[in-house]
$ cat upload_18.txt   # compact mmCIF, C-alpha atoms
# COMPACT_ATOMS: atom_id res chain seq x y z
CA MET A 51 0.00 0.00 0.00
CA GLY A 52 1.28 3.47 -0.89
CA ALA A 53 0.88 6.73 0.96
CA GLN A 54 -2.53 7.94 2.05
CA VAL A 55 -4.42 9.63 -0.77
CA TYR A 56 -6.76 12.36 0.42
CA LEU A 57 -9.75 12.77 -1.91
CA ASP A 58 -12.15 14.79 0.21
CA ALA A 59 -11.37 18.41 -0.64
CA ALA A 60 -15.08 19.25 -0.60
CA SER A 61 -15.06 18.64 3.17
CA ALA A 62 -11.75 20.40 3.75
CA ALA A 63 -8.97 21.11 1.26
CA PRO A 64 -5.46 20.57 2.63
CA LEU A 65 -3.89 23.77 3.90
CA HIS A 66 -2.22 25.62 1.03
CA PRO A 67 1.53 26.18 1.65
CA VAL A 68 1.00 29.93 1.30
CA ALA A 69 -1.72 29.75 3.98
CA ARG A 70 0.64 27.91 6.31
CA GLU A 71 3.31 30.62 5.91
CA ALA A 72 0.80 33.42 6.38
CA LEU A 73 -0.68 31.69 9.41
CA LEU A 74 2.69 31.33 11.12
CA ALA A 75 3.67 34.92 10.32
CA SER A 76 0.42 36.37 11.61
CA LEU A 77 0.44 34.24 14.76
CA ALA A 78 3.50 36.28 15.68
CA ASP A 79 2.14 39.58 14.41
CA GLY A 80 -1.66 39.52 14.54
CA TRP A 81 -2.62 38.27 17.98
CA ALA A 82 -3.81 41.58 19.43
CA ASP A 83 -7.41 42.82 19.50
CA PRO A 84 -7.86 44.90 16.31
CA ALA A 85 -10.41 47.14 18.06
CA ARG A 86 -7.78 48.53 20.47
CA LEU A 87 -5.95 51.80 19.97
CA TYR A 88 -2.36 50.89 20.88
CA ALA A 89 0.28 49.92 18.34
CA ALA A 90 -0.25 46.13 18.50
CA GLY A 91 -4.00 46.64 18.05
CA ARG A 92 -3.45 48.95 15.09
CA ARG A 93 -1.14 46.37 13.53
CA ALA A 94 -3.86 43.74 13.94
CA GLN A 95 -6.40 46.12 12.44
CA GLN A 96 -4.12 46.68 9.43
CA LEU A 97 -3.83 42.94 8.90
CA HIS A 98 -7.60 42.58 9.13
CA GLU A 99 -8.14 45.37 6.60
CA ALA A 100 -5.55 43.95 4.24
CA ALA A 101 -7.13 40.48 4.37
CA THR A 102 -10.58 42.00 3.82
CA SER A 103 -9.36 43.97 0.78
CA VAL A 104 -7.74 40.91 -0.78
CA VAL A 105 -10.86 38.76 -0.49
CA ALA A 106 -13.18 41.62 -1.49
CA GLU A 107 -11.15 42.32 -4.61
CA ILE A 108 -11.18 38.67 -5.66
CA LEU A 109 -14.94 38.46 -5.13
CA GLY A 110 -15.43 41.76 -6.97
CA VAL A 111 -17.09 43.54 -4.04
CA ARG A 112 -16.30 46.51 -1.79
CA ALA A 113 -14.32 45.86 1.37
CA ASP A 114 -17.10 47.31 3.54
CA GLU A 115 -19.53 44.75 2.10
CA LEU A 116 -17.47 41.83 3.39
CA SER A 117 -17.10 40.32 6.86
CA PHE A 118 -15.34 37.26 8.25
CA TRP A 119 -17.27 34.75 10.36
CA PRO A 120 -16.20 31.75 12.46
CA SER A 121 -17.19 29.29 9.69
CA GLY A 122 -18.94 29.00 6.35
CA THR A 123 -21.93 27.64 8.26
CA ALA A 124 -22.03 30.70 10.54
CA ALA A 125 -21.77 33.01 7.51
CA ALA A 126 -24.54 31.18 5.63
CA GLN A 127 -26.87 31.26 8.62
CA ALA A 128 -26.13 34.94 9.24
CA ALA A 129 -26.95 35.61 5.58
CA VAL A 130 -30.29 33.80 5.79
CA LEU A 131 -31.37 34.99 9.23
CA GLY A 132 -30.15 38.57 8.71
CA GLY A 133 -31.59 38.69 5.20
CA LEU A 134 -34.98 37.51 6.47
CA ALA A 135 -34.92 39.98 9.38
CA GLY A 136 -34.10 42.84 7.01
CA ARG A 137 -37.10 42.05 4.83
CA LYS A 138 -39.64 41.40 7.59
CA ARG A 139 -41.99 44.00 6.13
CA ALA A 140 -42.03 42.19 2.75
CA GLY A 141 -42.91 38.86 4.31
CA ARG A 142 -41.36 35.88 6.03
CA THR A 143 -41.06 33.26 3.29
CA LEU A 144 -37.65 31.88 2.36
CA VAL A 145 -37.56 30.33 -1.12
CA HIS A 146 -34.74 27.80 -1.34
CA SER A 147 -33.61 24.93 -3.53
CA ALA A 148 -34.04 21.38 -2.23
CA ILE A 149 -30.27 20.91 -2.32
CA GLU A 150 -29.11 23.71 -0.03
CA HIS A 151 -26.52 23.01 2.63
CA SER A 152 -28.11 21.67 5.82
CA ALA A 153 -27.11 24.92 7.58
CA VAL A 154 -29.44 26.82 5.26
CA LEU A 155 -32.19 24.22 5.67
CA HIS A 156 -31.87 24.52 9.45
CA ALA A 157 -32.23 28.31 9.15
CA ALA A 158 -35.22 27.78 6.83
CA ARG A 159 -37.01 25.94 9.64
CA THR A 160 -37.15 29.18 11.63
CA THR A 161 -39.59 30.71 9.13
CA GLU A 162 -42.01 29.86 6.30
CA ALA A 163 -40.12 27.98 3.63
CA SER A 164 -40.90 27.32 0.00
CA GLU A 165 -38.72 24.58 -1.45
CA VAL A 166 -37.91 24.33 -5.17
CA GLY A 167 -36.90 20.96 -6.59
CA VAL A 168 -34.13 19.81 -8.90
CA ASP A 169 -34.09 17.30 -11.75
CA ARG A 170 -32.28 13.94 -11.87
CA LEU A 171 -29.00 15.72 -12.70
CA GLY A 172 -29.43 18.07 -9.76
CA ARG A 173 -30.34 21.16 -11.81
CA LEU A 174 -32.71 23.70 -10.31
CA ASP A 175 -36.26 23.76 -11.71
CA LEU A 176 -36.06 27.35 -12.99
CA ASP A 177 -39.75 27.62 -13.89
CA ALA A 178 -40.78 26.57 -10.39
CA TRP A 179 -38.15 28.91 -8.94
CA THR A 180 -39.44 31.86 -10.97
CA THR A 181 -42.99 31.19 -9.80
CA ALA A 182 -41.91 30.69 -6.18
CA VAL A 183 -39.91 33.92 -5.85
CA ALA A 184 -42.76 35.95 -7.41
CA ALA A 185 -45.28 34.75 -4.83
CA PRO A 186 -46.51 37.24 -2.22
CA GLY A 187 -44.69 37.34 1.13
CA VAL A 188 -41.26 36.21 -0.10
CA ALA A 189 -38.51 37.83 1.97
CA LEU A 190 -35.42 36.08 0.61
CA ALA A 191 -34.31 33.39 -1.83
CA ALA A 192 -31.37 31.01 -1.28
CA LEU A 193 -29.54 29.07 -3.96
CA ILE A 194 -26.34 27.10 -3.55
CA SER A 195 -23.85 27.84 -6.37
CA ALA A 196 -23.12 24.10 -6.67
CA SER A 197 -23.91 21.33 -4.24
CA HIS A 198 -20.97 19.70 -2.49
CA GLU A 199 -22.81 16.39 -2.83
CA ALA A 200 -23.60 16.39 -6.55
CA GLY A 201 -21.32 19.02 -8.09
CA THR A 202 -23.91 20.28 -10.56
CA VAL A 203 -23.43 24.01 -11.13
CA GLN A 204 -26.69 25.88 -10.61
CA PRO A 205 -28.09 28.52 -13.00
CA VAL A 206 -27.27 31.38 -10.60
CA ALA A 207 -27.51 34.14 -13.23
CA ALA A 208 -30.98 33.06 -14.39
CA ALA A 209 -32.16 32.51 -10.81
CA ALA A 210 -30.85 35.96 -9.89
CA ALA A 211 -32.70 37.52 -12.84
CA ALA A 212 -35.95 35.93 -11.63
CA CYS A 213 -35.29 37.31 -8.14
CA ALA A 214 -34.52 40.78 -9.50
CA ALA A 215 -37.76 40.77 -11.50
CA ALA A 216 -39.66 39.89 -8.32
CA GLY A 217 -37.73 42.38 -6.16
CA VAL A 218 -36.44 39.58 -3.90
CA PRO A 219 -32.81 39.51 -2.69
CA LEU A 220 -30.86 36.35 -3.55
CA PHE A 221 -28.42 34.66 -1.18
CA VAL A 222 -25.84 32.41 -2.85
CA ASP A 223 -23.93 29.84 -0.79
CA ALA A 224 -20.76 29.71 -2.88
CA ALA A 225 -18.67 27.51 -0.56
CA GLN A 226 -17.72 25.02 -3.28
CA SER A 227 -17.15 27.60 -6.01
CA VAL A 228 -15.08 30.42 -4.52
CA GLY A 229 -11.41 29.86 -5.32
CA ARG A 230 -12.24 27.41 -8.12
CA VAL A 231 -14.81 28.81 -10.53
CA PRO A 232 -16.35 32.28 -11.01
CA VAL A 233 -19.71 32.94 -9.37
CA PRO A 234 -22.09 34.81 -11.69
CA ALA A 235 -23.17 38.30 -10.58
CA GLY A 236 -26.70 39.32 -9.62
CA TRP A 237 -26.81 38.05 -6.05
CA SER A 238 -27.42 40.24 -2.99
CA LEU A 239 -25.75 38.10 -0.30
CA LEU A 240 -23.01 35.50 -0.61
CA SER A 241 -21.17 33.18 1.75
CA ALA A 242 -18.01 31.12 1.37
CA SER A 243 -15.73 28.98 3.51
CA ALA A 244 -11.93 29.21 3.65
CA HIS A 245 -11.16 25.56 4.33
CA LYS A 246 -12.80 24.64 1.03
CA TRP A 247 -10.15 26.69 -0.82
CA GLY A 248 -7.07 25.67 1.15
CA GLY A 249 -7.34 28.16 3.97
CA PRO A 250 -7.57 27.08 7.59
CA PRO A 251 -10.88 25.87 9.06
CA GLY A 252 -12.84 28.38 11.11
CA VAL A 253 -13.06 31.22 8.57
CA GLY A 254 -16.32 31.99 6.80
CA VAL A 255 -16.98 34.91 4.48
CA LEU A 256 -20.22 36.87 4.27
CA VAL A 257 -20.89 39.52 1.64
CA VAL A 258 -23.93 41.78 1.88
CA ARG A 259 -24.11 44.12 -1.11
CA LYS A 260 -24.76 47.83 -0.58
CA GLY A 261 -28.44 48.62 -0.53
CA VAL A 262 -29.44 45.16 0.72
CA ARG A 263 -31.26 45.40 4.00
CA TRP A 264 -29.69 43.11 6.58
CA ILE A 265 -30.48 43.14 10.29
CA SER A 266 -28.40 41.14 12.72
CA PRO A 267 -30.19 38.12 14.13
CA TYR A 268 -27.84 38.33 17.13
CA PRO A 269 -27.79 40.84 19.97
CA GLN A 270 -25.07 43.42 19.28
CA ASP A 271 -24.37 47.18 19.17
CA ASP A 272 -24.81 47.93 15.49
CA LEU A 273 -27.59 45.71 14.20
CA TYR A 274 -27.22 46.89 10.62
CA ARG A 275 -23.55 46.09 10.10
CA PRO A 276 -22.75 42.41 9.59
CA ARG A 277 -20.05 41.32 11.99
CA PRO A 278 -19.69 38.27 14.19
CA GLN A 279 -19.61 38.38 17.96
CA GLY A 280 -16.31 38.23 19.73
CA ALA A 281 -12.72 38.56 18.60
CA PRO A 282 -11.95 37.36 15.07
CA ASP A 283 -9.35 34.63 14.53
CA LEU A 284 -7.08 37.05 12.76
CA PRO A 285 -4.18 34.71 11.94
CA ALA A 286 -6.65 32.30 10.32
CA ILE A 287 -8.28 35.15 8.41
CA VAL A 288 -4.92 36.39 7.11
CA ALA A 289 -4.03 32.84 6.06
CA ALA A 290 -7.42 32.41 4.38
CA ALA A 291 -6.91 35.58 2.33
CA ALA A 292 -3.37 34.59 1.33
CA SER A 293 -4.60 31.18 0.29
CA LEU A 294 -7.49 32.59 -1.73
CA ARG A 295 -5.11 34.85 -3.61
CA ALA A 296 -2.84 31.90 -4.38
CA VAL A 297 -5.59 29.50 -5.49
CA THR A 298 -7.32 32.18 -7.56
CA ALA A 299 -4.10 32.74 -9.50
CA GLU A 300 -3.95 29.04 -10.41
CA ALA A 301 -7.72 28.39 -10.53
CA LYS A 302 -8.09 28.29 -14.31
CA SER A 303 -5.30 25.81 -14.95
CA GLU A 304 -6.25 23.71 -11.92
CA ALA A 305 -9.89 23.58 -13.08
CA VAL A 306 -8.77 22.23 -16.46
CA ARG A 307 -6.44 19.66 -14.89
CA LEU A 308 -8.87 18.44 -12.20
CA SER A 309 -11.85 18.46 -14.54
CA ALA A 310 -10.02 16.07 -16.87
CA LEU A 311 -9.35 13.77 -13.90
CA VAL A 312 -13.04 13.93 -12.92
CA ASP A 313 -13.99 13.04 -16.51
CA ARG A 314 -11.66 10.06 -16.24
CA ILE A 315 -13.26 8.95 -12.96
CA ARG A 316 -16.77 9.34 -14.38
CA GLU A 317 -15.86 7.33 -17.45
CA ARG A 318 -13.77 4.59 -15.78
CA VAL A 319 -16.11 3.97 -12.84
CA ALA A 320 -19.05 3.57 -15.23
CA ALA A 321 -16.99 1.18 -17.37
CA THR A 322 -15.42 -0.94 -14.62
CA VAL A 323 -18.02 -1.09 -11.82
CA PRO A 324 -21.29 -2.83 -12.75
CA ASP A 325 -24.59 -1.41 -11.47
CA VAL A 326 -23.27 2.02 -10.67
CA GLU A 327 -24.99 5.37 -11.01
CA ILE A 328 -22.76 8.37 -11.70
CA VAL A 329 -24.43 11.36 -10.11
CA GLY A 330 -24.83 14.94 -11.34
CA ASP A 331 -24.44 16.87 -14.56
CA PRO A 332 -21.47 15.54 -16.57
CA VAL A 333 -20.72 18.97 -18.11
CA GLN A 334 -22.23 21.79 -16.03
CA ARG A 335 -20.38 20.74 -12.90
CA LEU A 336 -17.66 21.73 -10.46
CA PRO A 337 -14.20 20.92 -11.82
CA HIS A 338 -13.03 18.91 -8.82
CA LEU A 339 -15.90 16.79 -7.58
CA VAL A 340 -17.69 13.60 -8.60
CA THR A 341 -20.23 11.41 -6.83
CA PHE A 342 -21.40 7.90 -7.67
CA SER A 343 -23.57 5.24 -6.04
CA CYS A 344 -23.01 1.46 -6.19
CA LEU A 345 -26.04 -0.81 -6.00
CA TYR A 346 -26.10 -3.40 -3.17
CA VAL A 347 -23.17 -1.77 -1.39
CA ASP A 348 -23.19 -0.47 2.16
CA GLY A 349 -21.73 3.05 2.06
CA GLU A 350 -20.02 2.75 5.41
CA ALA A 351 -18.39 -0.58 4.49
CA LEU A 352 -17.19 1.00 1.24
CA LEU A 353 -15.66 4.00 3.03
CA HIS A 354 -13.87 1.74 5.51
CA ALA A 355 -12.58 -0.57 2.77
CA LEU A 356 -11.28 2.39 0.74
CA ASP A 357 -9.70 3.83 3.89
CA ARG A 358 -7.87 0.52 4.43
CA HIS A 359 -6.55 0.85 0.87
CA GLY A 360 -5.36 4.36 1.72
CA PHE A 361 -8.13 6.48 0.17
CA ALA A 362 -9.99 9.17 2.10
CA VAL A 363 -13.38 9.81 0.47
CA SER A 364 -16.80 10.92 1.66
CA SER A 365 -20.33 9.53 1.28
CA GLY A 366 -23.94 10.73 1.24
CA SER A 367 -25.30 7.32 2.26
CA SER A 368 -27.51 7.21 5.34
CA CYS A 369 -25.28 4.80 7.24
CA THR A 370 -22.47 7.37 7.13
CA SER A 371 -24.50 10.40 8.23
CA SER A 372 -25.02 11.73 11.74
CA THR A 373 -28.79 11.63 11.23
CA LEU A 374 -28.83 8.09 9.74
CA ARG A 375 -30.87 9.54 6.89
CA PRO A 376 -29.74 9.48 3.27
CA SER A 377 -28.42 12.73 1.84
CA HIS A 378 -31.29 15.15 1.14
CA VAL A 379 -29.46 16.13 -2.04
CA LEU A 380 -29.40 12.59 -3.44
CA GLU A 381 -33.06 12.18 -2.38
CA ALA A 382 -34.07 15.44 -4.11
CA MET A 383 -32.39 14.19 -7.29
CA GLY A 384 -34.01 10.76 -6.94
CA VAL A 385 -30.71 8.97 -7.43
CA LEU A 386 -29.52 5.90 -5.59
CA SER A 387 -28.37 6.90 -2.10
CA HIS A 388 -26.75 3.74 -0.78
CA GLY A 389 -23.21 2.74 -1.73
CA ASN A 390 -22.49 6.40 -2.34
CA VAL A 391 -18.98 7.78 -2.72
CA ARG A 392 -17.91 11.37 -3.21
CA VAL A 393 -14.44 12.00 -4.58
CA SER A 394 -13.21 15.60 -4.48
CA LEU A 395 -9.80 16.60 -5.78
CA HIS A 396 -7.40 19.40 -4.89
CA ARG A 397 -4.10 20.91 -5.99
CA ASP A 398 -2.03 18.04 -4.51
CA THR A 399 -4.06 15.33 -6.27
CA THR A 400 -2.03 13.64 -9.00
CA GLU A 401 -3.01 11.59 -12.02
CA ALA A 402 -1.30 8.62 -10.34
CA ASP A 403 -3.50 9.02 -7.23
CA VAL A 404 -6.62 8.91 -9.38
CA ASP A 405 -5.41 5.95 -11.41
CA ARG A 406 -4.58 3.99 -8.26
CA PHE A 407 -8.05 4.72 -6.90
CA LEU A 408 -9.62 3.58 -10.17
CA ALA A 409 -7.54 0.39 -10.09
CA VAL A 410 -8.59 -0.48 -6.53
CA LEU A 411 -12.29 0.46 -6.62
CA PRO A 412 -13.82 -2.35 -8.75
CA ASP A 413 -12.41 -5.14 -6.53
CA VAL A 414 -13.42 -3.34 -3.35
CA VAL A 415 -17.00 -3.00 -4.59
CA GLU A 416 -17.10 -6.59 -5.82
CA ARG A 417 -15.87 -7.95 -2.49
CA ILE A 418 -18.51 -6.04 -0.50
CA ARG A 419 -21.22 -7.26 -2.88
CA LYS A 420 -20.03 -10.85 -2.53
CA GLU A 421 -20.11 -10.60 1.26
CA ALA A 422 -23.71 -9.35 0.96
CA GLY A 423 -24.58 -12.35 -1.21
CA MET A 424 -24.80 -10.49 -4.51
CA MET B 40 -47.94 -11.70 -4.66
CA ILE B 41 -44.64 -12.16 -2.89
CA THR B 42 -44.04 -10.05 0.21
CA LEU B 43 -40.52 -9.42 1.44
CA ASP B 44 -40.45 -8.42 5.09
CA CYS B 45 -37.41 -6.17 5.45
CA LEU B 46 -38.67 -4.21 8.46
CA GLY B 47 -35.82 -3.34 10.77
CA GLN B 48 -33.22 -3.96 8.06
CA ARG B 49 -30.88 -1.21 7.00
CA CYS B 50 -30.25 -0.18 3.41
CA PRO B 51 -29.02 -1.67 1.15
CA LEU B 52 -30.49 -4.93 2.58
CA PRO B 53 -34.09 -4.35 1.39
CA VAL B 54 -32.81 -3.62 -2.13
CA ILE B 55 -30.58 -6.71 -2.04
CA LYS B 56 -33.54 -8.86 -0.95
CA LEU B 57 -35.63 -7.41 -3.75
CA ALA B 58 -32.95 -8.02 -6.36
CA ARG B 59 -32.55 -11.63 -5.24
CA ALA B 60 -36.30 -12.27 -5.26
CA ILE B 61 -36.97 -10.87 -8.74
CA PRO B 62 -35.61 -13.81 -10.81
CA GLY B 63 -38.16 -16.10 -9.11
CA VAL B 64 -41.09 -13.81 -9.91
CA PRO B 65 -43.07 -14.24 -13.16
CA VAL B 66 -42.94 -11.23 -15.49
CA GLY B 67 -45.96 -9.02 -14.77
CA GLU B 68 -46.17 -10.03 -11.10
CA ILE B 69 -45.76 -7.66 -8.17
CA VAL B 70 -43.32 -7.95 -5.30
CA ARG B 71 -44.22 -6.09 -2.12
CA VAL B 72 -41.30 -4.89 -0.01
CA LEU B 73 -41.91 -3.91 3.60
CA ALA B 74 -39.06 -1.67 4.69
CA ASP B 75 -38.72 1.06 7.30
CA ASP B 76 -35.17 2.16 6.57
CA PRO B 77 -35.38 5.87 5.64
CA ALA B 78 -33.40 5.24 2.44
CA ALA B 79 -35.87 2.65 1.10
CA ALA B 80 -38.37 5.19 -0.24
CA ASN B 81 -35.61 6.64 -2.39
CA ASP B 82 -33.55 3.57 -3.21
CA ILE B 83 -36.29 1.11 -4.23
CA PRO B 84 -37.55 3.40 -7.04
CA ALA B 85 -33.92 4.11 -7.99
CA TRP B 86 -33.25 0.36 -8.22
CA CYS B 87 -36.33 -0.07 -10.46
CA ARG B 88 -35.06 2.67 -12.78
CA MET B 89 -31.52 1.22 -12.93
CA LYS B 90 -32.69 -2.38 -13.46
CA GLY B 91 -35.60 -1.68 -15.83
CA GLN B 92 -38.39 -2.77 -13.46
CA GLU B 93 -41.60 -0.90 -12.67
CA PHE B 94 -42.06 0.93 -9.40
CA VAL B 95 -45.82 0.68 -8.89
CA ALA B 96 -46.38 2.56 -5.63
CA GLY B 97 -45.03 3.33 -2.20
CA HIS B 98 -47.18 3.91 0.90
CA GLY B 99 -45.44 4.42 4.20
CA HIS B 100 -43.22 1.39 4.68
CA ARG B 101 -44.81 -0.60 1.82
CA PHE B 102 -43.34 -0.57 -1.69
CA ASP B 103 -44.78 -2.44 -4.70
CA VAL B 104 -42.54 -3.37 -7.61
CA ARG B 105 -43.69 -5.10 -10.82
CA ARG B 106 -41.28 -7.32 -12.72
CA ILE B 107 -41.49 -6.20 -16.35
CA SER B 108 -38.30 -7.66 -17.77
$ encode --input "upload_18.txt" --output "structure tokens"
Amino acid sequence: MGAQVYLDAASAAPLHPVAREALLASLADGWADPARLYAAGRRAQQLHEAATSVVAEILGVRADELSFWPSGTAAAQAAVLGGLAGRKRAGRTLVHSAIEHSAVLHAARTTEASEVGVDRLGRLDLDAWTTAVAAPGVALAALISASHEAGTVQPVAAAAAACAAAGVPLFVDAAQSVGRVPVPAGWSLLSASAHKWGGPPGVGVLVVRKGVRWISPYPQDDLYRPRPQGAPDLPAIVAAAASLRAVTAEAKSEAVRLSALVDRIRERVAATVPDVEIVGDPVQRLPHLVTFSCLYVDGEALLHALDRHGFAVSSGSSCTSSTLRPSHVLEAMGVLSHGNVRVSLHRDTTEADVDRFLAVLPDVVERIRKEAGM
Amino acid sequence: MITLDCLGQRCPLPVIKLARAIPGVPVGEIVRVLADDPAAANDIPAWCRMKGQEFVAGHGHRFDVRRIS
């Protein structure tokens, strides 16, 4: 067995070397409270402002529209809850796709929700979306840029146009896209997560565009200015910004390289594993992520077997989830949920890693099926 | 009609039981699967689609599948 091969970038991408350097440097230099008026505090404030400018510039927004949160989840929930609170007079309905991140679905349970489905490939039903956002009482709409479970890229521009026509702000959870692929314009609120792009965990990004009414769902001094409670993890934020700058510079070439590897996985798995369903849109998809489900295979057994062969992958099967329910994304698409594997690649993934995975997978699946009597 | 009692069994066991029962079922006949695993409602229709069989109906923990090929 060779070295461990990590193929779960969609959960957390390995820390980018630039992020590691920036983290170490700012641990020494950015520990003070940036709100304080002495020299160390001012230095911390400068670092915070510099990190904010870097990320804002890459996302094409103003620095004062962007804030850092303790996670992508925290940023997404602040977007939904604050966006709803800011539009209380318009209504209390949140329109959202059926394949939002569970953090958004949890936030949706605090209000009236109107869910819009997806097709078998995981593409938003745009007609239903257009009707839903135009209904009376809609405060906010939420659409994930691309699901981390299926990889299908959503029609954000068209969905945003429908929202604009209805006068409804759109929140886009862009956790899987930022740092890899451009996110179309037209949204009002956006969230992202640094450890998906090679930054450290514990840094989320929230953007609220100028003119979008947002009211903090949390008790704090200035209810109209998005900012998290407590002291920010400044070294992590600095590292996140440095990493985003580095991955953005190489995003185009990496997308081409990883997308070719994903094409190879899609093609080889379908050819070498019988009774397998490759999930998601084969073309309109994230460059680095592919999901497939193997009939008659227990997802947990498959993950453990692949781990023993040195491969770290993820699964949307119920037996691997904390809730013991199948992935709501796979359910919404109506695709097989058991025996599910998600492979997500990153800048350290090599062609040899992928080929070794493809060589090992068919036997692993066959053995588990045999043990189950198939 | 054959009934497969898969209550209390976790996915993919109900689907495995169904797949093993199908060869012994005449074409046109219905197999009823009783399954309370939360994945069954999704995975039994998905199996029918992948294997070219007809998913007739699902009610609660009861799923009817017709062998058509």
$ interface_residues --input "upload_18.txt" --of "chain B" --to "chain A" --cutoff "9 Å" --atoms "only C-alpha atoms" --output "number ranges by chain"
B: 49-52, 54-55, 58-59, 76-78, 81-86, 89-90
$ residues_around --input "upload_18.txt" --residues "Ser147 of chain A" --least-positions-apart "6" --cutoff "12 Å" --atoms "only C-alpha atoms" --output "ChimeraX atom specification"
/A:154-155,158,163-169,172-176,178-180,182-183,191-197,204-206,209,220-223,378-379,382-383
$ atom_distance --input "upload_18.txt" --atom1 "atom CA of His198 of chain A" --atom2 "atom CA of Thr370 of chain A"
15.7 Å
$ atom_distance --input "upload_18.txt" --atom1 "atom CA of Val228 of chain A" --atom2 "atom CA of Ser61 of chain A"
14.1 Å
$ closest_residue --input "upload_18.txt" --among "B:His98, B:Arg71, B:Arg88, B:Arg106" --to "Lys56 of chain B" --atoms "only C-alpha atoms"
B:Arg71
$ residues_around --input "upload_18.txt" --residues "Glu304 of chain A" --least-positions-apart "3" --cutoff "10 Å" --atoms "only C-alpha atoms" --output "ChimeraX atom specification"
/A:230,297-301,307-310,337-338,396-397
$ residues_near_point --input "upload_18.txt" --point "(-39.9, 34.9, -2.7)" --cutoff "9 Å" --atoms "only C-alpha atoms" --output "number ranges by chain"
A: 141-146, 164, 179-191, 213, 216-219
$ closest_residue --input "upload_18.txt" --among "B:Ile41, B:Ile69, B:Ile61, B:Ala79" --to "Val95 of chain B" --atoms "only C-alpha atoms"
B:Ile69
$ residues_around --input "upload_18.txt" --residues "Ser241 of chain A" --least-positions-apart "5" --cutoff "12 Å" --atoms "all atoms listed in the file" --output "ChimeraX atom specification"
/A:105,109,115-130,151,153-154,192-195,220-228,233,246,253-259
$ closest_residue --input "upload_18.txt" --among "A:Ala289, A:Glu401, A:Val306, A:Leu131" --to "Ala100 of chain A" --atoms "all atoms listed in the file"
A:Ala289
$ closest_atom_pairs --input "upload_18.txt" --of "segment 272-305 of chain A" --to "segment 68-81 of chain A" --cutoff "6 Å" --atoms "all atoms listed in the file" --output "JSON lines"
{"residue": "A:Pro285", "atom": "CA", "partner": "A:Ser76", "partner_atom": "CA", "distance": 4.9}
{"residue": "A:Ala289", "atom": "CA", "partner": "A:Ala69", "partner_atom": "CA", "distance": 4.4}
{"residue": "A:Ala292", "atom": "CA", "partner": "A:Ala69", "partner_atom": "CA", "distance": 5.8}
{"residue": "A:Ser293", "atom": "CA", "partner": "A:Ala69", "partner_atom": "CA", "distance": 4.9}
$ axis_aligned_box --input "upload_18.txt" --around "segment 318-332 of chain A" --padding-each-side "5 Å" --output "AutoDock Vina command-line options"
--center_x -19.4 --center_y 7.0 --center_z -13.7 --size_x 21.2 --size_y 29.7 --size_z 17.3
$ atom_distance --input "upload_18.txt" --atom1 "atom CA of Leu395 of chain A" --atom2 "atom CA of Asp58 of chain A"
6.7 Å
$ residues_around --input "upload_18.txt" --residues "Val104 of chain B" --least-positions-apart "6" --cutoff "8 Å" --atoms "only C-alpha atoms" --output "mmCIF file with C-alpha atoms, keeping the file's coordinate frame"
data_model
loop_
_atom_site.group_PDB
_atom_site.id
_atom_site.type_symbol
_atom_site.label_atom_id
_atom_site.label_comp_id
_atom_site.auth_asym_id
_atom_site.auth_seq_id
_atom_site.Cartn_x
_atom_site.Cartn_y
_atom_site.Cartn_z
ATOM 1 C CA ILE B 69 -45.760 -7.660 -8.170
ATOM 2 C CA VAL B 70 -43.320 -7.950 -5.300
ATOM 3 C CA ARG B 71 -44.220 -6.090 -2.120
ATOM 4 C CA VAL B 72 -41.300 -4.890 -0.010
ATOM 5 C CA CYS B 87 -36.330 -0.070 -10.460
ATOM 6 C CA GLN B 92 -38.390 -2.770 -13.460
ATOM 7 C CA GLU B 93 -41.600 -0.900 -12.670
ATOM 8 C CA PHE B 94 -42.060 0.930 -9.400
ATOM 9 C CA VAL B 95 -45.820 0.680 -8.890
ATOM 10 C CA ALA B 96 -46.380 2.560 -5.630
#
$ residues_near_point --input "upload_18.txt" --point "(-40.9, -9.2, 4.1)" --cutoff "12 Å" --atoms "all atoms listed in the file" --output "list in words"
Met40, Ile41, Thr42, Leu43, Asp44, Cys45, Leu46, Gly47, Gln48, Leu52, Pro53, Val54, Lys56, Leu57, Ala60, Val70, Arg71, Val72, Leu73, Ala74, Asp75, His100, Arg101, Phe102 and Asp103 of chain B
